[in-house]
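As provided, query_32.txt (compact mmCIF, C-alpha atoms) reads as follows.
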```
# COMPACT_ATOMS: atom_id res chain seq x y z
CA MET A 1500 -13.58 22.16 -8.62
CA SER A 1501 -17.31 22.00 -9.33
CA ALA A 1502 -19.18 18.86 -8.45
CA PRO A 1503 -20.53 16.91 -11.38
CA ASP A 1504 -24.26 16.51 -11.96
CA GLY A 1505 -25.87 13.73 -9.96
CA ILE A 1506 -26.46 14.12 -6.26
CA PRO A 1507 -25.21 17.63 -5.39
CA GLY A 1508 -25.41 17.27 -1.62
CA ALA A 1509 -23.51 14.04 -1.59
CA ALA A 1510 -20.95 15.38 -4.01
CA ASP A 1511 -20.29 18.48 -1.93
CA ALA A 1512 -19.89 16.56 1.34
CA SER A 1513 -17.80 13.92 -0.36
CA TYR A 1514 -15.50 16.53 -1.91
CA GLY A 1515 -14.90 18.14 1.49
CA GLU A 1516 -13.96 14.91 3.24
CA HIS A 1517 -11.79 13.80 0.34
CA ARG A 1518 -9.89 17.06 0.52
CA VAL A 1519 -9.23 16.66 4.25
CA VAL A 1520 -7.98 13.09 3.84
CA ARG A 1521 -5.78 14.08 0.93
CA THR A 1522 -4.20 16.75 3.15
CA VAL A 1523 -3.59 14.22 5.93
CA LEU A 1524 -1.90 11.80 3.53
CA ARG A 1525 0.25 14.48 1.92
CA ALA A 1526 1.29 15.93 5.28
CA GLY A 1527 2.23 12.51 6.62
CA LEU A 1528 4.25 11.64 3.55
CA GLY A 1529 5.94 15.04 3.59
CA VAL A 1530 6.93 14.92 7.27
CA SER A 1531 8.13 11.32 7.09
CA SER A 1532 10.13 11.98 3.92
CA ALA A 1533 11.79 14.97 5.56
CA LEU A 1534 12.75 12.89 8.60
CA LEU A 1535 14.06 10.06 6.41
CA VAL A 1536 16.14 12.44 4.33
CA ALA A 1537 17.43 14.20 7.48
CA GLY A 1538 18.41 10.85 8.96
CA LEU A 1539 20.31 9.86 5.83
CA VAL A 1540 22.08 13.24 5.67
CA VAL A 1541 23.23 12.93 9.30
CA ILE A 1542 24.43 9.41 8.66
CA ALA A 1543 26.30 10.50 5.54
CA ILE A 1544 27.95 13.43 7.34
CA THR A 1545 28.91 11.53 10.47
CA GLY A 1546 29.98 8.48 8.49
CA GLN A 1547 27.94 6.09 10.57
CA GLY A 1548 27.93 2.68 8.96
CA ARG A 1549 25.44 0.99 11.24
CA ALA A 1550 22.14 -0.32 10.03
CA PRO A 1551 20.69 -1.48 13.31
CA ALA A 1552 17.26 -2.88 13.94
CA VAL A 1553 15.16 -0.52 16.05
CA PRO A 1554 12.23 -2.12 17.87
CA LEU A 1555 9.13 0.07 18.07
CA LEU A 1556 9.22 0.52 21.84
CA HIS A 1557 12.92 1.43 21.84
CA ILE A 1558 12.88 4.22 19.25
CA PHE A 1559 13.38 7.02 21.75
CA ALA A 1560 16.21 5.14 23.43
CA GLU A 1561 18.23 5.33 20.22
CA HIS A 1562 21.30 7.54 20.78
CA ASP A 1563 22.49 7.60 17.21
CA SER A 1564 20.87 10.77 15.83
CA GLY A 1565 20.84 9.66 12.20
CA VAL A 1566 19.25 6.35 13.09
CA LEU A 1567 16.77 8.11 15.40
CA LEU A 1568 15.65 10.50 12.67
CA ALA A 1569 15.22 7.65 10.19
CA ALA A 1570 13.28 5.62 12.77
CA LEU A 1571 10.99 8.57 13.44
CA GLY A 1572 10.47 8.90 9.70
CA VAL A 1573 9.34 5.29 9.54
CA LEU A 1574 7.10 5.79 12.58
CA VAL A 1575 5.42 8.88 11.09
CA LEU A 1576 4.89 7.02 7.83
CA ALA A 1577 3.30 4.11 9.69
CA LEU A 1578 1.09 6.46 11.70
CA THR A 1579 -0.21 8.32 8.63
CA PRO A 1580 -2.77 5.69 7.53
CA MET A 1581 -3.88 5.35 11.15
CA VAL A 1582 -4.39 9.12 11.42
CA ARG A 1583 -6.35 8.95 8.18
CA VAL A 1584 -8.74 6.42 9.71
CA VAL A 1585 -9.23 8.55 12.84
CA ALA A 1586 -9.82 11.61 10.65
CA LEU A 1587 -12.61 9.75 8.88
CA VAL A 1588 -14.20 8.84 12.22
CA VAL A 1589 -14.37 12.56 12.97
CA LEU A 1590 -15.50 13.60 9.50
CA TRP A 1591 -18.22 10.98 9.23
CA SER A 1592 -19.41 11.78 12.77
CA ARG A 1593 -19.94 15.37 11.71
CA GLU A 1594 -21.96 14.11 8.76
CA ARG A 1595 -23.87 11.77 11.10
CA ASP A 1596 -23.00 8.83 8.87
CA TRP A 1597 -23.10 6.54 11.91
CA LYS A 1598 -22.93 3.30 9.95
CA PHE A 1599 -19.52 4.17 8.58
CA VAL A 1600 -18.38 5.77 11.84
CA ALA A 1601 -18.92 2.31 13.35
CA VAL A 1602 -16.94 0.71 10.51
CA ALA A 1603 -14.06 3.14 10.94
CA VAL A 1604 -14.05 2.64 14.72
CA ALA A 1605 -13.85 -1.11 14.09
CA VAL A 1606 -10.75 -0.54 11.94
CA VAL A 1607 -9.20 1.61 14.70
CA LEU A 1608 -9.81 -1.18 17.21
CA VAL A 1609 -8.23 -3.76 14.89
CA LEU A 1610 -5.16 -1.55 14.46
CA ALA A 1611 -4.98 -1.09 18.24
CA ALA A 1612 -5.12 -4.86 18.60
CA ALA A 1613 -2.25 -5.09 16.13
CA VAL A 1614 -0.14 -2.86 18.38
CA MET A 1615 -0.96 -4.97 21.45
CA LEU A 1616 -0.56 -8.33 19.77
CA GLY A 1617 2.47 -7.36 17.76
CA GLY A 1618 4.70 -7.03 20.78
CA GLY A 1619 4.13 -10.67 21.62
CA MET B 414 22.91 3.86 0.74
CA LEU B 415 23.04 4.96 -2.90
CA LEU B 416 22.76 1.38 -4.04
CA LEU B 417 19.72 0.83 -1.82
CA SER B 418 18.11 3.99 -3.18
CA ALA B 419 18.77 2.75 -6.69
CA VAL B 420 17.09 -0.54 -5.82
CA GLY B 421 14.06 1.37 -4.59
CA LEU B 422 14.06 3.66 -7.61
CA VAL B 423 14.13 0.79 -10.10
CA ALA B 424 11.51 -1.17 -8.16
CA GLY B 425 9.18 1.82 -8.07
CA LEU B 426 9.77 2.72 -11.70
CA VAL B 427 9.36 -0.78 -13.10
CA GLY B 428 6.44 -1.50 -10.82
CA ALA B 429 4.59 1.57 -12.03
CA LEU B 430 5.37 0.83 -15.69
CA VAL B 431 4.14 -2.76 -15.68
CA GLY B 432 1.45 -2.34 -13.03
CA ILE B 433 2.82 -4.43 -10.20
CA GLY B 434 3.80 -3.40 -6.71
CA GLY B 435 7.39 -2.69 -5.83
CA GLY B 436 7.33 -5.24 -3.01
CA VAL B 437 7.58 -8.11 -5.45
CA LEU B 438 10.93 -6.72 -6.56
CA ILE B 439 12.27 -5.31 -3.30
CA VAL B 440 12.04 -8.44 -1.17
CA PRO B 441 14.08 -10.78 -3.39
CA VAL B 442 16.68 -8.10 -4.16
CA LEU B 443 17.25 -7.37 -0.47
CA MET B 444 17.46 -11.09 0.29
CA LEU B 445 19.48 -12.41 -2.63
CA GLY B 446 21.45 -9.27 -3.45
CA PHE B 447 22.17 -7.86 -0.01
CA GLY B 448 21.87 -10.96 2.17
CA PHE B 449 19.13 -9.67 4.48
CA GLY B 450 16.83 -12.15 6.13
CA VAL B 451 13.32 -12.57 4.72
CA ARG B 452 11.61 -10.86 7.68
CA VAL B 453 13.82 -7.77 7.46
CA ALA B 454 13.25 -7.66 3.69
CA VAL B 455 9.47 -8.01 4.11
CA ALA B 456 9.38 -5.29 6.80
CA THR B 457 11.32 -2.93 4.52
CA SER B 458 8.99 -3.73 1.66
CA LEU B 459 5.91 -3.05 3.81
CA ILE B 460 7.27 0.39 4.66
CA SER B 461 7.72 1.05 0.94
CA VAL B 462 4.18 -0.15 0.27
CA ILE B 463 2.83 2.30 2.86
CA ALA B 464 4.78 5.12 1.25
CA THR B 465 3.56 4.45 -2.29
CA SER B 466 0.01 3.87 -1.09
CA THR B 467 0.06 7.17 0.80
CA ALA B 468 1.39 8.99 -2.26
CA ALA B 469 -1.01 7.37 -4.72
CA GLY B 470 -3.89 7.43 -2.27
CA GLY B 471 -3.54 11.17 -1.92
CA VAL B 472 -3.96 11.58 -5.67
CA TYR B 473 -6.93 9.22 -5.98
CA VAL B 474 -8.65 10.61 -2.90
CA GLY B 475 -8.14 14.13 -4.13
CA SER B 476 -9.81 13.28 -7.42
CA GLY B 477 -12.70 11.63 -5.60
CA LEU B 478 -12.14 8.40 -7.47
CA ALA B 479 -11.18 6.33 -4.43
CA ASN B 480 -14.33 5.41 -2.50
CA MET B 481 -13.27 5.81 1.11
CA ARG B 482 -16.40 4.16 2.52
CA LEU B 483 -15.87 1.12 0.30
CA GLY B 484 -12.21 1.03 1.27
CA MET B 485 -13.00 1.31 4.97
CA ALA B 486 -15.64 -1.41 4.75
CA LEU B 487 -13.04 -3.79 3.35
CA GLU B 488 -10.32 -2.61 5.71
CA VAL B 489 -11.99 -4.31 8.65
CA THR B 490 -11.10 -7.73 7.25
CA THR B 491 -7.95 -6.78 5.39
CA THR B 492 -6.37 -5.43 8.58
CA LEU B 493 -7.34 -8.62 10.40
CA GLY B 494 -5.67 -10.51 7.59
CA GLY B 495 -2.62 -8.27 7.83
CA ILE B 496 -2.20 -8.91 11.55
CA THR B 497 -2.61 -12.65 11.00
CA GLY B 498 -0.10 -12.62 8.17
CA GLY B 499 2.41 -10.68 10.22
CA LEU B 500 2.08 -12.99 13.22
CA VAL B 501 2.40 -16.08 11.02
CA ALA B 502 5.48 -14.60 9.36
CA VAL B 503 7.34 -14.03 12.61
CA LEU B 504 6.46 -17.46 13.95
CA VAL B 505 7.00 -19.86 11.02
CA PRO B 506 10.47 -20.88 9.79
CA GLU B 507 12.05 -18.44 7.35
CA ARG B 508 12.30 -21.15 4.70
CA ALA B 509 8.52 -21.42 4.60
CA LEU B 510 8.28 -17.69 3.87
CA GLU B 511 10.96 -17.94 1.21
CA ALA B 512 9.09 -20.75 -0.50
CA GLY B 513 5.82 -18.82 -0.23
CA PHE B 514 7.41 -15.79 -1.79
CA ALA B 515 8.79 -17.89 -4.63
CA VAL B 516 5.26 -19.10 -5.39
CA LEU B 517 4.03 -15.49 -5.35
CA LEU B 518 6.77 -14.52 -7.84
CA ILE B 519 5.66 -17.25 -10.22
CA VAL B 520 2.01 -16.24 -9.93
CA THR B 521 2.93 -12.59 -10.50
CA SER B 522 5.03 -13.51 -13.50
CA VAL B 523 2.19 -15.47 -15.09
CA LEU B 524 -0.35 -12.72 -14.40
CA MET B 525 2.00 -10.09 -15.75
CA ILE B 526 2.76 -11.90 -18.98
CA ALA B 527 -0.82 -13.04 -19.52
CA GLY B 528 -2.24 -9.63 -18.62
CA ARG B 529 -0.25 -7.85 -21.33
CA ASP B 530 -1.32 -4.21 -21.08
CA SER B 531 -3.91 -4.72 -18.35
CA GLY B 532 -1.42 -3.55 -15.77
CA LYS B 533 -0.86 -0.34 -17.68
CA LYS B 534 -4.61 0.17 -18.00
CA SER B 535 -5.05 -0.36 -14.31
CA ALA B 536 -2.13 1.88 -13.43
CA SER B 537 -3.51 4.71 -15.55
CA ALA B 538 -7.09 3.95 -14.62
CA ALA B 539 -7.59 7.27 -12.89
CA ALA B 540 -6.24 9.27 -15.79
CA GLY B 541 -9.46 9.21 -17.75
CA ALA B 542 -11.72 9.74 -14.76
CA THR B 543 -12.13 12.92 -12.76
CA GLU B 544 -14.31 14.46 -10.11
CA GLY B 545 -15.72 11.43 -8.46
CA PHE B 546 -17.76 11.39 -5.30
CA GLU B 547 -19.21 8.83 -2.93
CA GLU B 548 -22.68 8.60 -1.42
CA ARG B 549 -23.16 8.96 2.28
CA GLY B 550 -24.25 5.84 4.13
CA ALA B 551 -23.74 3.50 1.21
CA LEU B 552 -21.11 1.66 -0.79
CA ALA B 553 -21.90 3.70 -3.86
CA GLY B 554 -20.76 6.70 -5.80
CA ALA B 555 -20.06 8.08 -9.22
CA TYR B 556 -17.28 9.57 -11.27
CA PHE B 557 -17.13 11.67 -14.40
CA ASP B 558 -15.46 9.71 -17.17
CA ALA B 559 -13.74 12.28 -19.36
CA ARG B 560 -13.11 9.76 -22.12
CA GLU B 561 -16.74 8.75 -22.37
CA GLY B 562 -18.04 12.21 -21.48
CA GLN B 563 -20.55 11.03 -18.94
CA LEU B 564 -21.17 10.44 -15.26
CA VAL B 565 -20.77 6.79 -14.32
CA HIS B 566 -22.75 5.66 -11.26
CA TYR B 567 -21.97 2.47 -9.39
CA ARG B 568 -23.10 0.58 -6.30
CA ALA B 569 -20.93 -2.12 -4.76
CA GLU B 570 -22.57 -5.48 -4.16
CA ARG B 571 -21.67 -8.68 -2.31
CA TRP B 572 -19.64 -7.09 0.47
CA ALA B 573 -19.09 -10.53 2.02
CA VAL B 574 -17.27 -11.76 -1.10
CA GLY B 575 -15.07 -8.70 -1.21
CA SER B 576 -14.34 -8.92 2.50
CA ALA B 577 -13.34 -12.57 2.28
CA VAL B 578 -10.84 -11.85 -0.48
CA ALA B 579 -9.65 -8.75 1.38
CA LEU B 580 -8.90 -10.97 4.39
CA LEU B 581 -6.75 -13.21 2.19
CA ALA B 582 -5.08 -10.20 0.57
CA GLY B 583 -4.22 -8.82 3.99
CA ALA B 584 -2.69 -12.10 5.08
CA VAL B 585 -0.59 -12.36 1.91
CA SER B 586 0.49 -8.76 2.36
CA GLY B 587 1.51 -9.35 5.95
CA MET B 588 3.48 -12.49 5.23
CA LEU B 589 5.21 -11.51 2.03
CA GLY B 590 5.50 -7.71 2.13
CA VAL B 591 3.38 -6.95 -0.93
CA GLY B 592 0.40 -4.64 -1.24
CA GLY B 593 -2.16 -7.26 -2.18
CA GLY B 594 -3.70 -5.14 -4.93
CA PHE B 595 -3.60 -8.09 -7.33
CA LEU B 596 -6.29 -9.66 -5.11
CA LYS B 597 -8.19 -6.57 -3.98
CA VAL B 598 -8.76 -5.02 -7.41
CA PRO B 599 -10.40 -8.13 -8.93
CA ALA B 600 -12.32 -8.67 -5.68
CA MET B 601 -13.89 -5.24 -6.01
CA ASN B 602 -14.21 -5.22 -9.80
CA LEU B 603 -15.37 -8.78 -10.44
CA GLY B 604 -16.70 -9.75 -7.01
CA MET B 605 -18.40 -6.52 -5.97
CA ARG B 606 -19.14 -5.12 -9.46
CA VAL B 607 -17.26 -1.89 -8.87
CA PRO B 608 -15.86 -0.16 -11.99
CA ILE B 609 -12.21 -1.04 -12.56
CA ARG B 610 -11.11 2.58 -12.20
CA VAL B 611 -12.75 2.94 -8.81
CA ALA B 612 -11.47 -0.50 -7.77
CA ALA B 613 -7.87 0.36 -8.66
CA ALA B 614 -8.03 3.76 -6.98
CA THR B 615 -9.68 2.38 -3.84
CA SER B 616 -7.19 -0.48 -3.66
CA ASN B 617 -4.31 1.99 -3.72
CA PHE B 618 -6.04 3.94 -0.96
CA MET B 619 -6.54 0.84 1.21
CA ILE B 620 -3.14 -0.76 0.88
CA GLY B 621 -1.45 1.57 3.36
CA VAL B 622 -3.71 0.57 6.25
CA THR B 623 -3.35 -3.11 5.36
CA ALA B 624 0.43 -2.85 5.41
CA VAL B 625 0.45 -0.94 8.71
CA ALA B 626 -1.48 -3.69 10.45
CA SER B 627 1.29 -6.20 9.74
CA LEU B 628 4.21 -3.74 9.91
CA VAL B 629 3.37 -3.12 13.56
CA VAL B 630 4.13 -6.77 14.25
CA TYR B 631 7.51 -6.61 12.51
CA PHE B 632 8.32 -3.22 14.08
CA ALA B 633 7.55 -4.43 17.59
CA ARG B 634 9.75 -7.49 17.18
CA GLY B 635 12.80 -5.63 15.86
CA TYR B 636 12.73 -6.47 12.17
CA VAL B 637 12.68 -2.83 11.02
CA HIS B 638 16.06 -1.33 10.14
CA PRO B 639 15.31 2.38 9.62
CA THR B 640 18.62 3.12 7.89
CA LEU B 641 17.89 0.32 5.43
CA ALA B 642 14.29 1.39 4.94
CA ALA B 643 15.00 5.10 4.43
CA PRO B 644 16.94 4.97 1.13
CA VAL B 645 14.75 2.19 -0.26
CA VAL B 646 11.52 4.04 0.55
CA LEU B 647 12.72 7.36 -0.86
CA GLY B 648 13.87 5.59 -4.02
CA VAL B 649 10.59 3.73 -4.43
CA VAL B 650 8.47 6.87 -4.06
CA ALA B 651 10.61 8.74 -6.60
CA GLY B 652 10.56 5.77 -8.98
CA SER B 653 6.80 5.34 -8.67
CA ILE B 654 6.16 8.99 -9.46
CA ALA B 655 8.44 8.84 -12.49
CA GLY B 656 6.98 5.52 -13.62
CA THR B 657 3.40 6.76 -13.35
CA ARG B 658 4.25 9.74 -15.54
CA LEU B 659 6.01 7.54 -18.08
CA ALA B 660 3.31 4.87 -18.08
CA GLU B 661 1.03 6.80 -20.40
CA ARG B 662 3.70 7.11 -23.04
CA ALA B 663 5.56 3.87 -22.55
CA HIS B 664 4.84 0.55 -24.21
CA PRO B 665 6.04 -1.88 -21.61
CA THR B 666 5.12 -5.13 -23.34
CA ALA B 667 8.75 -6.13 -23.91
CA LEU B 668 9.65 -5.08 -20.38
CA ARG B 669 6.76 -7.18 -19.09
CA TYR B 670 8.09 -10.32 -20.81
CA VAL B 671 11.67 -9.71 -19.69
CA LEU B 672 10.59 -9.00 -16.13
CA GLY B 673 8.38 -12.07 -16.15
CA ALA B 674 11.35 -14.21 -17.09
CA VAL B 675 13.51 -12.54 -14.45
CA LEU B 676 10.89 -13.13 -11.77
CA VAL B 677 10.74 -16.84 -12.64
CA ALA B 678 14.55 -17.07 -12.40
CA VAL B 679 14.46 -15.30 -9.05
CA ALA B 680 11.67 -17.61 -7.90
CA VAL B 681 13.88 -20.61 -8.66
CA GLN B 682 16.69 -19.10 -6.61
CA MET B 683 14.31 -18.43 -3.72
CA LEU B 684 13.10 -22.03 -3.85
CA LEU B 685 16.68 -23.29 -3.80
CA LYS B 686 17.38 -21.03 -0.84
CA ALA B 687 14.30 -22.33 0.92
CA ALA B 688 15.44 -25.89 0.25
CA GLY B 689 18.77 -25.10 1.84
CA ARG B 690 20.74 -25.45 -1.37
CA MET B 691 21.76 -21.80 -1.38
CA PRO B 692 23.13 -19.63 1.46
```
Show how you would write the structure in this file as structure tokens.
Amino acid sequence: MSAPDGIPGAADASYGEHRVVRTVLRAGLGVSSALLVAGLVVIAITGQGRAPAVPLLHIFAEHDSGVLLAALGVLVLALTPMVRVVALVVLWSRERDWKFVAVAVAVVLVLAAAVMLGGG
Amino acid sequence: MLLLSAVGLVAGLVGALVGIGGGVLIVPVLMLGFGFGVRVAVATSLISVIATSTAAGGVYVGSGLANMRLGMALEVTTTLGGITGGLVAVLVPERALEAGFAVLLIVTSVLMIAGRDSGKKSASAAAGATEGFEERGALAGAYFDAREGQLVHYRAERWAVGSAVALLAGAVSGMLGVGGGFLKVPAMNLGMRVPIRVAAATSNFMIGVTAVASLVVYFARGYVHPTLAAPVVLGVVAGSIAGTRLAERAHPTALRYVLGAVLVAVAVQMLLKAAGRMP
């Protein structure tokens, strides 16, 4: 894809970071979808009829393999936007766009606060 | 499981056709049709919102239309709003949430009917625009509009206005399990003077992070049922992809009116439930 006329340097850098973020999003969606499908297949095969709640901190204590796979799928999906934010911290640091590195770090801190506050 | 997937599929399909998020449809169906509590339904809807945002965001980011710096600048307040919304939702009585959701359904219905094809235009906003880019260090960028045959430059203004609305959108998202795009897109387009196509694409990009901020609260407190979420999420993603492809060819005006009426009827049921007159 060739960059349109305008500000070539900005376009080139922008295209590169957009491509990286697109890859992160697609990978996250792909992995989580695979885990969700695997979880449903296991549940269908084993005939498990449970639909239990799985608290975040108890995911790895789940013994039911179908439920565990589905829970991991949800976790990966939830982590994907967070990974995207961290990726942008790295990408913008390399571009020395410190203003937006600070903004992205602020978002990371807010999300971290969500994890700490969420548990109650 | 198949029925839950079908629910997700229809929600994603209809949502993409008429330009609303699937959460507006998923929450009441899970509550009124399957008997789940409002917090479980909202948590499931948030997971679906993250999935569709991730899928759509990948497309809009890849085309360069979504301005990631603009999105990130607004995500500071929208994630704060999301956390607040999530915490409020797990602390207030369920009936308050049910009533709040009923109000949202009525607002959505009015906007949908009054907006006519605006939802379709917004949903296909990226179709006529390609090869966008964003400027470093600024809330600005450009995109090549294939329909107009020219490069369109823009610079976002009034960040404080956009951030304030983003905070509200995050709170609504966290409490009611919707994406909040119906607030974010006008905030960027009308409040910050960002072209509608960039606003719609950036909103789609942002919604995932907003939803995660509040989902964490629900997840930590045990309102996530993975085996409920899995079929719904997979159905919604499939339905959204199909709906987006059909949107260009479909004429959803009649569907919009029918859905608007259905949403009002569902809103009445939710209000009755909130008032304790329904189980």
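Set the cut-off at 6 Å, count all atoms listed in the file, and the residues of chain A near chain B turn out to be Ala1509, Ala1510, Ser1513, His1517, Arg1518, Arg1521, Leu1524, Leu1535, Ala1550, Pro1551, Ala1552, Val1553, Pro1554, Leu1555, Ala1569, Ala1570, Ala1577, Pro1580, Asp1596, Val1606, Leu1610, Ala1613, Val1614, Gly1617 and Gly1618 of chain A.
Here atom CA of B:Thr615 is placed at a distance of 12.3 Å from atom CA of B:Gly593.
Between atom CA of B:Gly590 and atom CA of B:Arg658 lies a distance of 24.9 Å.
For the pair atom CA of B:Gly513 and atom CA of B:Ser418, the interatomic distance is 26.1 Å.
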Using all atoms listed in the file, which residues sit within 12 Å of A:Ala1586 once same-chain residues fewer than 3 positions away are excluded, as a ChimeraX atom specification? /A:1516-1524,1579-1583,1589-1593,1600,1603-1604,1607 /B:481
Mind rebuilding stretch 669-686 of chain B with N, CA, C and O atoms and writing that out as a PDB file, keeping the file's coordinate frame?
```
ATOM      1  N   ARG B 669       7.603  -6.228 -19.828  1.00  0.00           N
ATOM      2  CA  ARG B 669       6.760  -7.180 -19.090  1.00  0.00           C
ATOM      3  C   ARG B 669       7.274  -8.612 -19.285  1.00  0.00           C
ATOM      4  O   ARG B 669       7.364  -9.393 -18.346  1.00  0.00           O
ATOM      5  N   TYR B 670       7.609  -8.957 -20.534  1.00  0.00           N
ATOM      6  CA  TYR B 670       8.090 -10.320 -20.810  1.00  0.00           C
ATOM      7  C   TYR B 670       9.453 -10.545 -20.161  1.00  0.00           C
ATOM      8  O   TYR B 670       9.710 -11.608 -19.573  1.00  0.00           O
ATOM      9  N   VAL B 671      10.335  -9.571 -20.284  1.00  0.00           N
ATOM     10  CA  VAL B 671      11.670  -9.710 -19.690  1.00  0.00           C
ATOM     11  C   VAL B 671      11.559  -9.835 -18.174  1.00  0.00           C
ATOM     12  O   VAL B 671      12.168 -10.703 -17.561  1.00  0.00           O
ATOM     13  N   LEU B 672      10.753  -8.965 -17.586  1.00  0.00           N
ATOM     14  CA  LEU B 672      10.590  -9.000 -16.130  1.00  0.00           C
ATOM     15  C   LEU B 672       9.954 -10.304 -15.684  1.00  0.00           C
ATOM     16  O   LEU B 672      10.320 -10.871 -14.656  1.00  0.00           O
ATOM     17  N   GLY B 673       9.003 -10.786 -16.474  1.00  0.00           N
ATOM     18  CA  GLY B 673       8.380 -12.070 -16.150  1.00  0.00           C
ATOM     19  C   GLY B 673       9.398 -13.183 -16.084  1.00  0.00           C
ATOM     20  O   GLY B 673       9.397 -14.002 -15.163  1.00  0.00           O
ATOM     21  N   ALA B 674      10.303 -13.192 -17.072  1.00  0.00           N
ATOM     22  CA  ALA B 674      11.350 -14.210 -17.090  1.00  0.00           C
ATOM     23  C   ALA B 674      12.289 -14.045 -15.895  1.00  0.00           C
ATOM     24  O   ALA B 674      12.694 -15.029 -15.256  1.00  0.00           O
ATOM     25  N   VAL B 675      12.617 -12.802 -15.588  1.00  0.00           N
ATOM     26  CA  VAL B 675      13.510 -12.540 -14.450  1.00  0.00           C
ATOM     27  C   VAL B 675      12.865 -13.007 -13.155  1.00  0.00           C
ATOM     28  O   VAL B 675      13.518 -13.624 -12.307  1.00  0.00           O
ATOM     29  N   LEU B 676      11.584 -12.724 -12.996  1.00  0.00           N
ATOM     30  CA  LEU B 676      10.890 -13.130 -11.770  1.00  0.00           C
ATOM     31  C   LEU B 676      10.869 -14.649 -11.610  1.00  0.00           C
ATOM     32  O   LEU B 676      11.015 -15.168 -10.507  1.00  0.00           O
ATOM     33  N   VAL B 677      10.716 -15.370 -12.719  1.00  0.00           N
ATOM     34  CA  VAL B 677      10.740 -16.840 -12.640  1.00  0.00           C
ATOM     35  C   VAL B 677      12.135 -17.304 -12.208  1.00  0.00           C
ATOM     36  O   VAL B 677      12.266 -18.193 -11.366  1.00  0.00           O
ATOM     37  N   ALA B 678      13.173 -16.696 -12.783  1.00  0.00           N
ATOM     38  CA  ALA B 678      14.550 -17.070 -12.400  1.00  0.00           C
ATOM     39  C   ALA B 678      14.787 -16.782 -10.920  1.00  0.00           C
ATOM     40  O   ALA B 678      15.392 -17.579 -10.197  1.00  0.00           O
ATOM     41  N   VAL B 679      14.304 -15.651 -10.464  1.00  0.00           N
ATOM     42  CA  VAL B 679      14.460 -15.300  -9.050  1.00  0.00           C
ATOM     43  C   VAL B 679      13.671 -16.267  -8.180  1.00  0.00           C
ATOM     44  O   VAL B 679      14.129 -16.676  -7.107  1.00  0.00           O
ATOM     45  N   ALA B 680      12.493 -16.660  -8.650  1.00  0.00           N
ATOM     46  CA  ALA B 680      11.670 -17.610  -7.900  1.00  0.00           C
ATOM     47  C   ALA B 680      12.410 -18.935  -7.714  1.00  0.00           C
ATOM     48  O   ALA B 680      12.383 -19.542  -6.639  1.00  0.00           O
ATOM     49  N   VAL B 681      13.102 -19.362  -8.754  1.00  0.00           N
ATOM     50  CA  VAL B 681      13.880 -20.610  -8.660  1.00  0.00           C
ATOM     51  C   VAL B 681      14.966 -20.469  -7.605  1.00  0.00           C
ATOM     52  O   VAL B 681      15.188 -21.368  -6.788  1.00  0.00           O
ATOM     53  N   GLN B 682      15.634 -19.332  -7.606  1.00  0.00           N
ATOM     54  CA  GLN B 682      16.690 -19.100  -6.610  1.00  0.00           C
ATOM     55  C   GLN B 682      16.112 -19.087  -5.198  1.00  0.00           C
ATOM     56  O   GLN B 682      16.727 -19.620  -4.266  1.00  0.00           O
ATOM     57  N   MET B 683      14.948 -18.474  -5.051  1.00  0.00           N
ATOM     58  CA  MET B 683      14.310 -18.430  -3.720  1.00  0.00           C
ATOM     59  C   MET B 683      13.935 -19.842  -3.271  1.00  0.00           C
ATOM     60  O   MET B 683      14.075 -20.188  -2.097  1.00  0.00           O
ATOM     61  N   LEU B 684      13.455 -20.656  -4.205  1.00  0.00           N
ATOM     62  CA  LEU B 684      13.100 -22.030  -3.850  1.00  0.00           C
ATOM     63  C   LEU B 684      14.338 -22.815  -3.453  1.00  0.00           C
ATOM     64  O   LEU B 684      14.296 -23.618  -2.506  1.00  0.00           O
ATOM     65  N   LEU B 685      15.436 -22.614  -4.162  1.00  0.00           N
ATOM     66  CA  LEU B 685      16.680 -23.290  -3.800  1.00  0.00           C
ATOM     67  C   LEU B 685      17.150 -22.855  -2.418  1.00  0.00           C
ATOM     68  O   LEU B 685      17.624 -23.657  -1.614  1.00  0.00           O
ATOM     69  N   LYS B 686      16.996 -21.568  -2.158  1.00  0.00           N
ATOM     70  CA  LYS B 686      17.380 -21.030  -0.840  1.00  0.00           C
ATOM     71  C   LYS B 686      16.517 -21.666   0.241  1.00  0.00           C
ATOM     72  O   LYS B 686      17.002 -22.066   1.291  1.00  0.00           O
TER      73      LYS B 686
END
```
